[in-house]
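One file, upload38.csv, carrying CSV, C-alpha atoms and all ligand atoms:
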```csv
chain,number,residue,atom,x,y,z
A,1,MET,CA,16.8,-20.8,-7.2
A,2,GLN,CA,18.7,-22.0,-4.2
A,3,ARG,CA,20.1,-19.9,-1.3
A,4,LEU,CA,22.4,-21.2,1.4
A,5,ILE,CA,22.5,-19.0,4.5
A,6,THR,CA,25.2,-20.1,7.1
A,7,ALA,CA,25.2,-18.5,10.5
A,8,GLY,CA,26.9,-18.6,13.9
A,9,GLN,CA,23.5,-19.7,15.3
A,10,VAL,CA,20.2,-20.6,13.8
A,11,LEU,CA,17.1,-19.9,16.0
A,12,VAL,CA,14.6,-22.3,14.4
A,13,GLY,CA,11.6,-21.5,16.7
A,14,PRO,CA,10.0,-22.3,19.0
A,15,ALA,CA,11.9,-20.8,21.8
A,16,GLY,CA,14.8,-22.9,23.2
A,17,GLU,CA,15.7,-24.6,19.9
A,18,ARG,CA,19.0,-23.2,18.7
A,19,ILE,CA,21.6,-24.7,16.3
A,20,PRO,CA,25.1,-23.3,16.8
A,21,ASP,CA,27.2,-23.1,13.6
A,22,GLY,CA,24.1,-23.9,11.5
A,23,ALA,CA,22.7,-23.2,8.1
A,24,VAL,CA,19.4,-22.8,6.3
A,25,LEU,CA,18.8,-23.9,2.7
A,26,VAL,CA,16.1,-22.3,0.6
A,27,ASP,CA,14.7,-23.4,-2.7
A,28,ASP,CA,12.5,-20.8,-4.3
A,29,ASP,CA,9.8,-19.9,-1.7
A,30,THR,CA,10.4,-22.9,0.6
A,31,ILE,CA,12.9,-23.9,3.2
A,32,THR,CA,14.4,-27.3,2.2
A,33,ALA,CA,17.0,-27.9,4.9
A,34,VAL,CA,17.9,-26.6,8.4
A,35,GLY,CA,20.7,-28.0,10.6
A,36,PRO,CA,24.4,-28.1,11.3
A,37,ARG,CA,26.4,-26.2,8.7
A,38,ALA,CA,28.3,-29.1,7.3
A,39,GLU,CA,25.1,-31.2,6.8
A,40,VAL,CA,23.1,-28.5,5.1
A,41,GLU,CA,26.1,-27.3,2.9
A,42,ALA,CA,26.3,-30.8,1.6
A,43,GLN,CA,22.8,-30.6,0.3
A,44,ALA,CA,23.3,-27.2,-1.5
A,45,GLY,CA,23.9,-27.2,-5.3
A,46,ALA,CA,27.1,-25.6,-6.7
A,47,GLU,CA,25.0,-22.8,-8.1
A,48,ALA,CA,23.3,-21.9,-4.8
A,49,VAL,CA,23.7,-18.2,-3.8
A,50,ARG,CA,25.6,-18.0,-0.5
A,51,HIS,CA,25.0,-15.7,2.4
A,52,SER,CA,26.5,-15.6,5.9
A,53,ALA,CA,25.3,-14.0,9.1
A,54,ALA,CA,25.8,-14.1,12.9
A,55,THR,CA,22.1,-15.2,13.6
A,56,VAL,CA,19.3,-16.5,11.4
A,57,LEU,CA,15.8,-16.6,12.6
A,58,PRO,CA,12.2,-16.7,11.2
A,59,GLY,CA,10.9,-13.5,9.7
A,60,LEU,CA,9.0,-11.3,12.2
A,61,ILE,CA,5.2,-11.0,12.4
A,62,ASN,CA,3.3,-7.8,13.2
A,63,GLY,CA,-0.2,-8.6,14.4
A,64,HIS,CA,-1.8,-5.2,14.2
A,65,VAL,CA,-1.3,-2.4,11.6
A,66,HIS,CA,-3.2,0.0,9.3
A,67,LEU,CA,-1.3,0.3,6.1
A,68,VAL,CA,-3.6,3.0,4.8
A,69,TRP,CA,-2.2,5.4,7.3
A,70,ASP,CA,1.2,7.0,7.0
A,71,ALA,CA,2.3,7.2,10.7
A,72,GLY,CA,2.7,11.0,10.6
A,73,PHE,CA,0.7,13.6,12.5
A,74,GLY,CA,-2.3,14.6,10.4
A,75,MET,CA,-2.5,11.1,8.9
A,76,LEU,CA,-6.3,10.9,9.3
A,77,ASP,CA,-6.8,14.1,7.2
A,78,ARG,CA,-4.4,12.8,4.5
A,79,TYR,CA,-6.2,9.4,4.5
A,80,GLN,CA,-9.6,11.1,4.1
A,81,GLU,CA,-8.4,13.3,1.2
A,82,ALA,CA,-6.6,10.5,-0.6
A,83,GLY,CA,-8.1,8.7,-3.6
A,84,ASP,CA,-7.8,4.9,-3.8
A,85,GLU,CA,-4.8,5.0,-6.2
A,86,GLN,CA,-2.8,7.1,-3.8
A,87,LEU,CA,-3.7,4.8,-0.9
A,88,LEU,CA,-2.7,1.7,-2.9
A,89,LEU,CA,0.7,3.1,-3.5
A,90,GLY,CA,1.1,4.1,0.1
A,91,ILE,CA,0.0,0.6,1.3
A,92,ALA,CA,2.5,-1.1,-1.0
A,93,GLY,CA,5.3,1.3,0.0
A,94,ARG,CA,4.8,0.9,3.7
A,95,ALA,CA,4.5,-2.9,3.5
A,96,GLN,CA,7.9,-2.9,1.8
A,97,GLN,CA,9.3,-0.6,4.5
A,98,ALA,CA,8.2,-3.1,7.1
A,99,LEU,CA,9.7,-5.9,5.1
A,100,ARG,CA,13.1,-4.3,4.8
A,101,ALA,CA,13.0,-4.0,8.6
A,102,GLY,CA,12.6,-7.8,8.9
A,103,VAL,CA,8.8,-8.1,9.1
A,104,THR,CA,7.7,-10.8,6.7
A,105,THR,CA,4.0,-11.0,7.8
A,106,LEU,CA,1.6,-8.1,8.7
A,107,ARG,CA,-2.0,-8.4,9.8
A,108,ASP,CA,-3.9,-5.2,8.8
A,109,LEU,CA,-7.0,-4.6,10.9
A,110,GLY,CA,-8.8,-1.9,9.0
A,111,ASP,CA,-8.8,-0.2,5.7
A,112,ARG,CA,-11.1,1.3,3.1
A,113,GLY,CA,-12.8,-1.0,0.6
A,114,GLY,CA,-10.3,-3.8,1.0
A,115,LEU,CA,-7.4,-1.9,-0.6
A,116,VAL,CA,-4.9,-3.8,1.5
A,117,LEU,CA,-6.3,-7.1,0.2
A,118,ARG,CA,-5.6,-5.9,-3.4
A,119,VAL,CA,-2.0,-5.2,-2.5
A,120,ARG,CA,-1.9,-8.6,-0.8
A,121,ASP,CA,-3.1,-10.3,-4.0
A,122,SER,CA,-0.5,-8.4,-6.1
A,123,ILE,CA,2.3,-9.5,-3.7
A,124,ASP,CA,0.9,-13.1,-3.7
A,125,ARG,CA,0.9,-13.1,-7.6
A,126,GLY,CA,4.6,-11.9,-7.5
A,127,GLU,CA,3.9,-8.6,-9.2
A,128,ILE,CA,5.5,-6.7,-6.4
A,129,THR,CA,7.8,-7.7,-3.6
A,130,GLY,CA,6.3,-7.5,-0.2
A,131,PRO,CA,5.5,-9.3,3.1
A,132,ARG,CA,2.7,-11.7,3.5
A,133,LEU,CA,-0.4,-9.6,4.3
A,134,LEU,CA,-3.5,-10.6,6.1
A,135,GLY,CA,-6.3,-8.1,6.0
A,136,SER,CA,-9.8,-7.4,7.5
A,137,GLY,CA,-11.1,-4.8,5.1
A,138,PRO,CA,-13.5,-2.3,6.6
A,139,PRO,CA,-14.1,-3.1,10.4
A,140,LEU,CA,-17.7,-3.4,11.6
A,141,THR,CA,-18.7,-0.3,13.7
A,142,PRO,CA,-22.0,1.4,14.5
A,143,PRO,CA,-23.1,4.5,12.5
A,144,LYS,CA,-20.4,7.2,13.2
A,145,GLY,CA,-18.7,4.7,15.5
A,146,HIS,CA,-15.0,4.2,16.0
A,147,CYS,CA,-13.3,4.3,12.5
A,148,TRP,CA,-16.6,4.7,10.7
A,149,PHE,CA,-14.6,6.4,7.9
A,150,PHE,CA,-13.4,3.0,6.7
A,151,GLY,CA,-16.9,2.3,5.4
A,152,GLY,CA,-17.9,-0.6,7.7
A,153,GLU,CA,-20.9,1.1,9.5
A,154,VAL,CA,-23.6,-1.4,10.5
A,155,ASP,CA,-26.9,-0.9,12.2
A,156,GLY,CA,-28.8,-4.1,13.2
A,157,PRO,CA,-28.4,-7.8,12.5
A,158,GLU,CA,-29.1,-7.7,8.8
A,159,ALA,CA,-26.4,-5.0,8.2
A,160,ILE,CA,-23.9,-7.0,10.3
A,161,ARG,CA,-24.5,-10.1,8.3
A,162,ASP,CA,-24.3,-8.2,5.0
A,163,ARG,CA,-21.0,-6.4,5.9
A,164,ILE,CA,-19.3,-9.7,6.9
A,165,ARG,CA,-20.5,-11.3,3.6
A,166,ARG,CA,-19.1,-8.3,1.7
A,167,ASN,CA,-15.8,-8.4,3.5
A,168,ALA,CA,-15.6,-12.1,2.8
A,169,GLU,CA,-16.2,-11.3,-0.9
A,170,LEU,CA,-13.4,-8.7,-0.8
A,171,GLY,CA,-11.2,-11.6,0.3
A,172,ALA,CA,-10.8,-10.7,4.0
A,173,ASP,CA,-8.6,-13.0,6.1
A,174,VAL,CA,-10.2,-11.9,9.3
A,175,ILE,CA,-13.3,-10.0,10.5
A,176,LYS,CA,-12.6,-6.9,12.6
A,177,VAL,CA,-15.2,-5.6,14.9
A,178,MET,CA,-15.0,-2.4,17.0
A,179,ALA,CA,-16.5,-3.8,20.2
A,180,SER,CA,-15.7,-0.6,22.1
A,181,GLY,CA,-15.3,3.0,21.2
A,182,GLY,CA,-12.0,4.8,20.3
A,183,GLN,CA,-10.4,8.2,20.1
A,184,MET,CA,-10.1,8.7,16.3
A,185,THR,CA,-13.2,10.9,15.8
A,186,ARG,CA,-15.0,13.2,18.2
A,187,GLU,CA,-18.5,11.9,17.3
A,188,SER,CA,-17.7,8.2,18.2
A,189,ALA,CA,-18.3,6.5,21.6
A,190,PRO,CA,-15.5,6.9,24.2
A,191,THR,CA,-12.9,4.2,24.4
A,192,TRP,CA,-14.4,2.5,27.5
A,193,GLN,CA,-17.9,2.2,26.1
A,194,ASN,CA,-19.4,-0.8,24.3
A,195,GLN,CA,-20.4,-0.2,20.7
A,196,PHE,CA,-22.2,-3.6,20.3
A,197,ASP,CA,-24.2,-5.7,22.8
A,198,GLY,CA,-23.5,-9.4,23.5
A,199,ASP,CA,-26.1,-10.7,20.9
A,200,GLU,CA,-24.6,-8.6,18.2
A,201,LEU,CA,-21.0,-9.7,18.9
A,202,ALA,CA,-22.3,-13.3,19.0
A,203,LEU,CA,-23.8,-12.8,15.6
A,204,VAL,CA,-20.5,-11.4,14.3
A,205,VAL,CA,-18.7,-14.5,15.5
A,206,LYS,CA,-21.3,-16.9,14.1
A,207,THR,CA,-21.5,-15.2,10.7
A,208,ALA,CA,-17.7,-15.0,10.4
A,209,ALA,CA,-17.5,-18.7,11.2
A,210,GLU,CA,-19.9,-19.4,8.2
A,211,PHE,CA,-17.2,-17.9,6.0
A,212,ASP,CA,-14.5,-19.7,8.0
A,213,LEU,CA,-13.0,-16.4,9.2
A,214,PRO,CA,-11.7,-15.6,12.7
A,215,VAL,CA,-12.8,-12.4,14.5
A,216,ALA,CA,-10.5,-9.7,15.9
A,217,ALA,CA,-12.3,-7.4,18.4
A,218,HIS,CA,-11.1,-3.9,19.2
A,219,ALA,CA,-11.9,-3.7,23.0
A,220,HIS,CA,-10.6,-1.1,25.4
A,221,GLY,CA,-13.3,-1.2,28.1
A,222,THR,CA,-13.7,-4.1,30.4
A,223,ASP,CA,-17.4,-4.3,29.5
A,224,ALA,CA,-16.4,-4.7,25.8
A,225,ILE,CA,-13.8,-7.3,26.7
A,226,VAL,CA,-16.3,-9.3,28.7
A,227,ALA,CA,-18.8,-9.2,25.8
A,228,ALA,CA,-16.2,-10.1,23.2
A,229,VAL,CA,-14.9,-13.0,25.3
A,230,GLU,CA,-18.4,-14.4,25.8
A,231,ALA,CA,-19.1,-14.1,22.1
A,232,GLY,CA,-16.0,-16.2,21.4
A,233,VAL,CA,-13.8,-13.9,19.4
A,234,ASP,CA,-10.3,-15.1,18.4
A,235,THR,CA,-8.2,-12.0,19.3
A,236,LEU,CA,-8.7,-9.1,21.6
A,237,GLU,CA,-7.0,-5.9,20.3
A,238,HIS,CA,-5.7,-3.4,22.9
A,239,CYS,CA,-7.5,-5.1,25.7
A,240,SER,CA,-6.8,-2.2,28.1
A,241,TRP,CA,-9.4,-3.0,30.8
A,242,GLN,CA,-10.9,0.5,31.1
A,243,ALA,CA,-13.5,0.8,33.8
A,244,ALA,CA,-17.0,1.9,32.9
A,245,GLY,CA,-17.2,5.7,33.0
A,246,GLY,CA,-13.5,6.0,31.9
A,247,GLU,CA,-11.9,6.4,35.4
A,248,GLY,CA,-9.1,3.9,36.0
A,249,ALA,CA,-8.9,0.2,35.3
A,250,ASP,CA,-11.3,-2.7,36.1
A,251,LEU,CA,-9.1,-5.8,36.1
A,252,ARG,CA,-11.3,-8.9,36.3
A,253,ASP,CA,-9.4,-12.1,37.3
A,254,ASP,CA,-12.3,-14.3,36.2
A,255,VAL,CA,-12.3,-12.8,32.7
A,256,ALA,CA,-8.5,-13.0,32.4
A,257,ARG,CA,-8.7,-16.7,33.4
A,258,GLU,CA,-11.4,-17.2,30.8
A,259,ILE,CA,-9.4,-15.5,28.0
A,260,ALA,CA,-6.5,-17.9,28.8
A,261,ARG,CA,-8.9,-21.0,29.0
A,262,ARG,CA,-10.5,-20.2,25.6
A,263,GLY,CA,-7.1,-19.6,24.0
A,264,ILE,CA,-8.0,-16.1,23.0
A,265,THR,CA,-4.9,-14.1,22.0
A,266,VAL,CA,-4.4,-10.5,23.2
A,267,CYS,CA,-2.7,-8.0,21.0
A,268,HIS,CA,-1.6,-5.1,23.1
A,269,ALA,CA,-0.8,-2.9,20.0
A,270,TYR,CA,1.9,-0.7,21.4
A,271,PRO,CA,4.0,1.7,19.2
A,272,PRO,CA,7.7,1.3,18.5
A,273,ASP,CA,8.5,4.6,20.3
A,274,TRP,CA,6.8,3.3,23.5
A,275,ALA,CA,9.2,5.4,25.6
A,276,GLY,CA,8.0,8.6,23.8
A,277,PHE,CA,4.4,7.4,24.0
A,278,ALA,CA,4.9,7.0,27.8
A,279,ARG,CA,6.0,10.7,28.0
A,280,ILE,CA,2.7,11.7,26.4
A,281,THR,CA,0.4,9.4,28.3
A,282,GLY,CA,2.3,10.0,31.6
A,283,GLU,CA,4.4,7.8,33.9
A,284,ALA,CA,1.4,6.3,35.8
A,285,GLY,CA,-0.5,5.3,32.6
A,286,ALA,CA,2.6,3.7,31.1
A,287,ARG,CA,3.3,1.8,34.3
A,288,ALA,CA,-0.4,0.6,34.5
A,289,ALA,CA,-0.1,-0.7,30.9
A,290,VAL,CA,2.9,-2.8,31.8
A,291,GLU,CA,1.2,-4.0,34.9
A,292,ARG,CA,-1.8,-5.1,32.9
A,293,VAL,CA,0.3,-7.2,30.6
A,294,ARG,CA,2.1,-8.8,33.6
A,295,TRP,CA,-1.2,-9.5,35.3
A,296,MET,CA,-2.7,-11.2,32.2
A,297,ASP,CA,0.5,-13.2,31.9
A,298,GLU,CA,0.0,-14.6,35.3
A,299,PHE,CA,-3.2,-16.3,34.1
A,300,GLY,CA,-1.4,-17.7,31.1
A,301,VAL,CA,-3.0,-15.4,28.5
A,302,ARG,CA,-1.3,-15.7,25.1
A,303,PHE,CA,0.0,-12.5,23.5
A,304,VAL,CA,0.8,-11.5,19.9
A,305,PRO,CA,2.8,-8.3,19.4
A,306,GLY,CA,1.5,-5.5,17.1
A,307,THR,CA,2.0,-1.8,16.7
A,308,ASP,CA,-1.2,-0.2,15.4
A,309,GLY,CA,1.3,0.9,12.7
A,310,GLY,CA,0.1,3.9,10.8
A,311,LEU,CA,-1.0,6.0,13.8
A,312,PRO,CA,1.2,9.0,14.5
A,313,THR,CA,4.8,7.9,15.3
A,314,SER,CA,3.9,4.2,14.9
A,315,VAL,CA,6.2,3.8,12.0
A,316,PHE,CA,6.5,0.6,9.9
A,317,ASP,CA,10.3,0.3,9.9
A,318,ASN,CA,11.1,-0.1,13.6
A,319,TYR,CA,9.4,-3.3,14.7
A,320,ALA,CA,12.5,-4.1,16.7
A,321,GLY,CA,11.7,-1.0,18.8
A,322,ALA,CA,8.1,-2.2,19.4
A,323,LEU,CA,9.3,-5.7,20.5
A,324,ASN,CA,11.9,-4.1,22.8
A,325,TYR,CA,8.9,-2.9,24.9
A,326,TYR,CA,8.4,-6.5,26.0
A,327,VAL,CA,12.0,-6.9,26.9
A,328,GLU,CA,12.8,-3.6,28.5
A,329,ALA,CA,9.5,-2.4,30.0
A,330,VAL,CA,7.6,-5.7,30.6
A,331,GLY,CA,10.8,-7.6,31.5
A,332,TRP,CA,10.5,-10.8,29.4
A,333,SER,CA,13.5,-12.6,28.0
A,334,ALA,CA,14.6,-11.8,24.4
A,335,GLU,CA,14.1,-15.5,23.6
A,336,ARG,CA,10.4,-15.3,24.7
A,337,VAL,CA,9.8,-12.1,22.8
A,338,LEU,CA,11.3,-13.4,19.6
A,339,ASP,CA,9.2,-16.6,19.9
A,340,MET,CA,6.1,-14.5,20.5
A,341,ALA,CA,6.8,-12.5,17.3
A,342,THR,CA,7.5,-15.5,15.2
A,343,THR,CA,6.3,-19.0,16.1
A,344,GLY,CA,3.7,-17.8,18.6
A,345,ALA,CA,2.3,-15.1,16.4
A,346,ALA,CA,1.9,-17.6,13.5
A,347,GLN,CA,0.0,-20.0,15.7
A,348,ALA,CA,-2.2,-17.2,17.1
A,349,LEU,CA,-3.0,-15.9,13.6
A,350,GLY,CA,-3.7,-19.4,12.3
A,351,LEU,CA,-0.8,-19.5,9.9
A,352,THR,CA,0.7,-23.0,9.2
A,353,GLY,CA,4.2,-23.4,7.8
A,354,VAL,CA,5.1,-19.9,8.9
A,355,GLY,CA,7.1,-18.5,11.9
A,356,ARG,CA,9.6,-21.4,12.0
A,357,LEU,CA,12.7,-22.5,10.2
A,358,ALA,CA,12.0,-26.1,9.2
A,359,PRO,CA,11.9,-28.0,5.9
A,360,GLY,CA,8.7,-27.4,4.1
A,361,CYS,CA,8.0,-24.0,5.8
A,362,ALA,CA,7.8,-20.8,3.9
A,363,ALA,CA,11.2,-19.2,3.3
A,364,ASP,CA,10.5,-16.2,5.5
A,365,VAL,CA,14.0,-15.6,6.9
A,366,LEU,CA,15.8,-12.9,8.8
A,367,ALA,CA,19.6,-12.9,9.0
A,368,LEU,CA,21.3,-10.5,11.4
A,369,ASP,CA,24.8,-9.3,12.1
A,370,GLY,CA,24.6,-9.8,15.8
A,371,ASP,CA,23.0,-12.0,18.5
A,372,PRO,CA,19.6,-10.6,19.6
A,373,LEU,CA,19.5,-13.1,22.5
A,374,ALA,CA,22.5,-11.3,24.1
A,375,ASP,CA,21.8,-7.8,22.7
A,376,PHE,CA,18.3,-7.2,21.5
A,377,ALA,CA,19.3,-4.2,19.5
A,378,ALA,CA,21.0,-6.6,17.1
A,379,LEU,CA,17.5,-7.0,15.6
A,380,HIS,CA,18.2,-3.7,13.9
A,381,ARG,CA,21.3,-5.0,12.2
A,382,GLN,CA,19.5,-6.9,9.4
A,383,ARG,CA,21.8,-8.4,6.8
A,384,LEU,CA,19.3,-10.2,4.7
A,385,VAL,CA,15.5,-10.5,4.6
A,386,LEU,CA,13.8,-13.3,2.6
A,387,ALA,CA,10.0,-13.0,2.0
A,388,ARG,CA,8.8,-16.3,0.7
A,389,GLY,CA,12.2,-16.7,-0.8
A,390,ARG,CA,12.5,-13.3,-2.4
A,391,ALA,CA,15.6,-11.4,-1.1
A,392,VAL,CA,15.2,-7.9,0.1
A,393,ALA,CA,18.0,-5.4,0.8
A,394,PRO,CA,17.5,-4.3,4.4
A,395,ASP,CA,17.6,-0.6,5.4
A,396,ALA,CA,20.4,-1.5,7.8
A,397,GLN,CA,22.6,-2.5,4.8
A,398,LEU,CA,21.9,0.6,2.9
A,399,LEU,CA,22.9,2.7,5.9
A,400,SER,CA,26.1,0.8,6.4
A,401,GLU,CA,27.2,1.2,2.7
B,1,ZN,ZN,-5.9,-0.5,15.1
```
Write out the structure in this file as structure tokens.
Amino acid sequence: MQRLITAGQVLVGPAGERIPDGAVLVDDDTITAVGPRAEVEAQAGAEAVRHSAATVLPGLINGHVHLVWDAGFGMLDRYQEAGDEQLLLGIAGRAQQALRAGVTTLRDLGDRGGLVLRVRDSIDRGEITGPRLLGSGPPLTPPKGHCWFFGGEVDGPEAIRDRIRRNAELGADVIKVMASGGQMTRESAPTWQNQFDGDELALVVKTAAEFDLPVAAHAHGTDAIVAAVEAGVDTLEHCSWQAAGGEGADLRDDVAREIARRGITVCHAYPPDWAGFARITGEAGARAAVERVRWMDEFGVRFVPGTDGGLPTSVFDNYAGALNYYVEAVGWSAERVLDMATTGAAQALGLTGVGRLAPGCAADVLALDGDPLADFAALHRQRLVLARGRAVAPDAQLLSE
């Protein structure tokens, strides 16, 4: 089935490439033509379904979520009480929520037993509509370490190898390792502390490579960041540069330079309601977080946006809000941020034929009623979302009817 989407402007990705009065032609799950309206219209069959919008751009990519969690307070208790069937339904529902808000790819960095991967397969087979999902399955963590309740506890080299092999068998797209502690459970190491030594992290990267899988490392403390960078991970999650002992930050220029040199991507993982989050963490903490991003940027570090979706208030249907952090708080241009959430994110996550509007690319398309380059809030005014060619009615449309 063909769809012709005409628009006042087509943002094809990467940043800077824009076709005024353009169109995108889609055939089933693939984009077949992109260009000036008249040219593309001439290629469309008479039976093509026609749409029009102010702006068309590639579907958005969220680099860090947890679909097993429901984003409400008390989500951890509900997760622990829930059976697999209940979690599967929740995962599918939240993935669809994200999709209706324009997110056509989500990378999930921690679930129980690879449940997200089962939903991914169901979406890929066309049984249910949903975004493209990438998943890690249970993250590697020491006994009772950060997020141990996902089932990925490992103790020693043999257990590390075994867990990675099992995650690969579950069909994981990425191996997640909790390089530092976290705040989810009282018994786990504090956020600034390492959970694995350099040899163990190197073993994680080496074993993952045997299965052709990239590694995402959760790292809050500078010690954990250093160890993960030396081990050669692919993405650093959070990357908040906490000093040993937990007091203040320990920003290391040499390490930031090395992150950029190695092409490691940083996922800051900040929630959609970042303004509300700042009220909780305090003005100074919020300002320091912004300064860290700007400081890494000076060294040319590459970023991928993510939300840690599923944590309290980190909802799945307001990705535009999360992206607005980079525009409003960090001060980057809308063009740069949209590029980071589409073309850049696809590159960082190793996805080819995704994150761009070009013939042969996946038909992941977001059509808007306004111009997000001039008014970033236009990202909320979705008119049509296509996920590999499947049309989804956006929430924005339901609200306006
Ligand atoms: Zn996370």
May I have the residues within 12 Å of ligand ZN 1 (chain B), computed using all atoms listed in the file, as a PyMOL selection string? chain A and resi 62-69+107-111+135-136+138-139+146-147+150+176-178+181-184+216-220+236-239+267-271+306-312+314
Please identify all polymer residues within 10 Å of stretch 44-47 of chain A, counting all atoms listed in the file, omitting same-chain residues fewer than 3 positions from it, and present them as number ranges by chain. A: 1-4, 24-27, 32-33, 39-41, 50
Store the residues picked out above, limited to C-alpha atoms, as a PDB file, in the coordinates of the input.
```pdb
ATOM      1  CA  MET A   1      16.800 -20.800  -7.200  1.00  0.00           C
ATOM      2  CA  GLN A   2      18.700 -22.000  -4.200  1.00  0.00           C
ATOM      3  CA  ARG A   3      20.100 -19.900  -1.300  1.00  0.00           C
ATOM      4  CA  LEU A   4      22.400 -21.200   1.400  1.00  0.00           C
ATOM      5  CA  VAL A  24      19.400 -22.800   6.300  1.00  0.00           C
ATOM      6  CA  LEU A  25      18.800 -23.900   2.700  1.00  0.00           C
ATOM      7  CA  VAL A  26      16.100 -22.300   0.600  1.00  0.00           C
ATOM      8  CA  ASP A  27      14.700 -23.400  -2.700  1.00  0.00           C
ATOM      9  CA  THR A  32      14.400 -27.300   2.200  1.00  0.00           C
ATOM     10  CA  ALA A  33      17.000 -27.900   4.900  1.00  0.00           C
ATOM     11  CA  GLU A  39      25.100 -31.200   6.800  1.00  0.00           C
ATOM     12  CA  VAL A  40      23.100 -28.500   5.100  1.00  0.00           C
ATOM     13  CA  GLU A  41      26.100 -27.300   2.900  1.00  0.00           C
ATOM     14  CA  ARG A  50      25.600 -18.000  -0.500  1.00  0.00           C
TER      15      ARG A  50
END
```
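If all atoms listed in the file are the atoms counted, then among A:Pro36, A:Pro394, A:Gly137, A:Gly102 the closest residue to A:Tyr319 is A:Gly102.
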Which polymer residues have any atom within 10 Å of an atom of A:Ala374, counting all atoms listed in the file, with same-chain residues fewer than 6 positions away left out, as a short mmCIF file (atom, residue, chain, number, x, y, z; two decimals) with C-alpha atoms, keeping the file's coordinate frame?
```
data_model
loop_
_atom_site.label_atom_id
_atom_site.label_comp_id
_atom_site.auth_asym_id
_atom_site.auth_seq_id
_atom_site.Cartn_x
_atom_site.Cartn_y
_atom_site.Cartn_z
CA SER A 333 13.50 -12.60 28.00
CA ALA A 334 14.60 -11.80 24.40
CA GLU A 335 14.10 -15.50 23.60
#
```
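Proximity of A:Ala320, A:Ala249, A:Ala92, A:Ile160 to A:Ala284, computed with only C-alpha atoms, is greatest for A:Ala249.
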Residues near A:Arg120, cut-off 10 Å, all atoms listed in the file, skip fewer than 4 positions along chain, as a CSV table (one decimal) with C-alpha atoms, keeping the file's coordinate frame:
```
chain,number,residue,atom,x,y,z
A,91,ILE,CA,0.0,0.6,1.3
A,92,ALA,CA,2.5,-1.1,-1.0
A,95,ALA,CA,4.5,-2.9,3.5
A,114,GLY,CA,-10.3,-3.8,1.0
A,115,LEU,CA,-7.4,-1.9,-0.6
A,116,VAL,CA,-4.9,-3.8,1.5
A,124,ASP,CA,0.9,-13.1,-3.7
A,125,ARG,CA,0.9,-13.1,-7.6
A,126,GLY,CA,4.6,-11.9,-7.5
A,128,ILE,CA,5.5,-6.7,-6.4
A,130,GLY,CA,6.3,-7.5,-0.2
A,131,PRO,CA,5.5,-9.3,3.1
A,132,ARG,CA,2.7,-11.7,3.5
A,133,LEU,CA,-0.4,-9.6,4.3
A,134,LEU,CA,-3.5,-10.6,6.1
A,135,GLY,CA,-6.3,-8.1,6.0
A,171,GLY,CA,-11.2,-11.6,0.3
```
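Using only C-alpha atoms, the shortest contact distance between A:Ala393 and any of A:Gln96, A:Gly276, A:Gly156, A:Val293 is found at A:Gln96.
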Nearest to A:Glu17: which of A:Asp339, A:Glu200, A:Asp395, A:Asp364 is it, counting all atoms listed in the file?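 The answer is A:Asp339, which sits nearest to A:Glu17.
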Between A:Asp223, A:Glu187, A:Asp317, A:Glu169, which one has atoms that come closest to A:Ala208, using only C-alpha atoms?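 Counting only C-alpha atoms, the residue closest to A:Ala208 is A:Glu169.
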Please list as a list of chain:residue names every residue within 12 Å of A:Arg252, counting all atoms listed in the file and excluding residues in the same chain fewer than 6 positions away. A:Gly221, A:Thr222, A:Asp223, A:Ile225, A:Val226, A:Cys239, A:Ser240, A:Trp241, A:Gln242, A:Ala243, A:Glu258, A:Ile259, A:Arg292, A:Trp295, A:Met296, A:Phe299
Nearest candidate to A:Gly8 (options A:Leu213, A:Ala362, A:Leu386, A:Ala367; using all atoms listed in the file): A:Ala367
For atom CA of A:Leu203 and atom CA of A:Gly300, the interatomic separation in Å (one decimal): 27.7 Å
Could you work out how far atom CA of A:Val56 lies from atom CA of A:Asn318, giving the answer in Å with one decimal? 18.5 Å
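Counting from atom CA of A:Ala228, the distance to atom CA of A:Arg294 is 21.1 Å.
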Non-local contacts of A:Ala363 (7 Å; all atoms listed in the file; under 2 positions in same chain excluded) as a tab-separated table (two decimals) with C-alpha atoms, keeping the file's coordinate frame:
```tsv
chain	number	residue	atom	x	y	z
A	26	VAL	CA	16.10	-22.30	0.60
A	29	ASP	CA	9.80	-19.90	-1.70
A	30	THR	CA	10.40	-22.90	0.60
A	31	ILE	CA	12.90	-23.90	3.20
A	361	CYS	CA	8.00	-24.00	5.80
A	365	VAL	CA	14.00	-15.60	6.90
A	386	LEU	CA	13.80	-13.30	2.60
A	387	ALA	CA	10.00	-13.00	2.00
A	388	ARG	CA	8.80	-16.30	0.70
A	389	GLY	CA	12.20	-16.70	-0.80
```
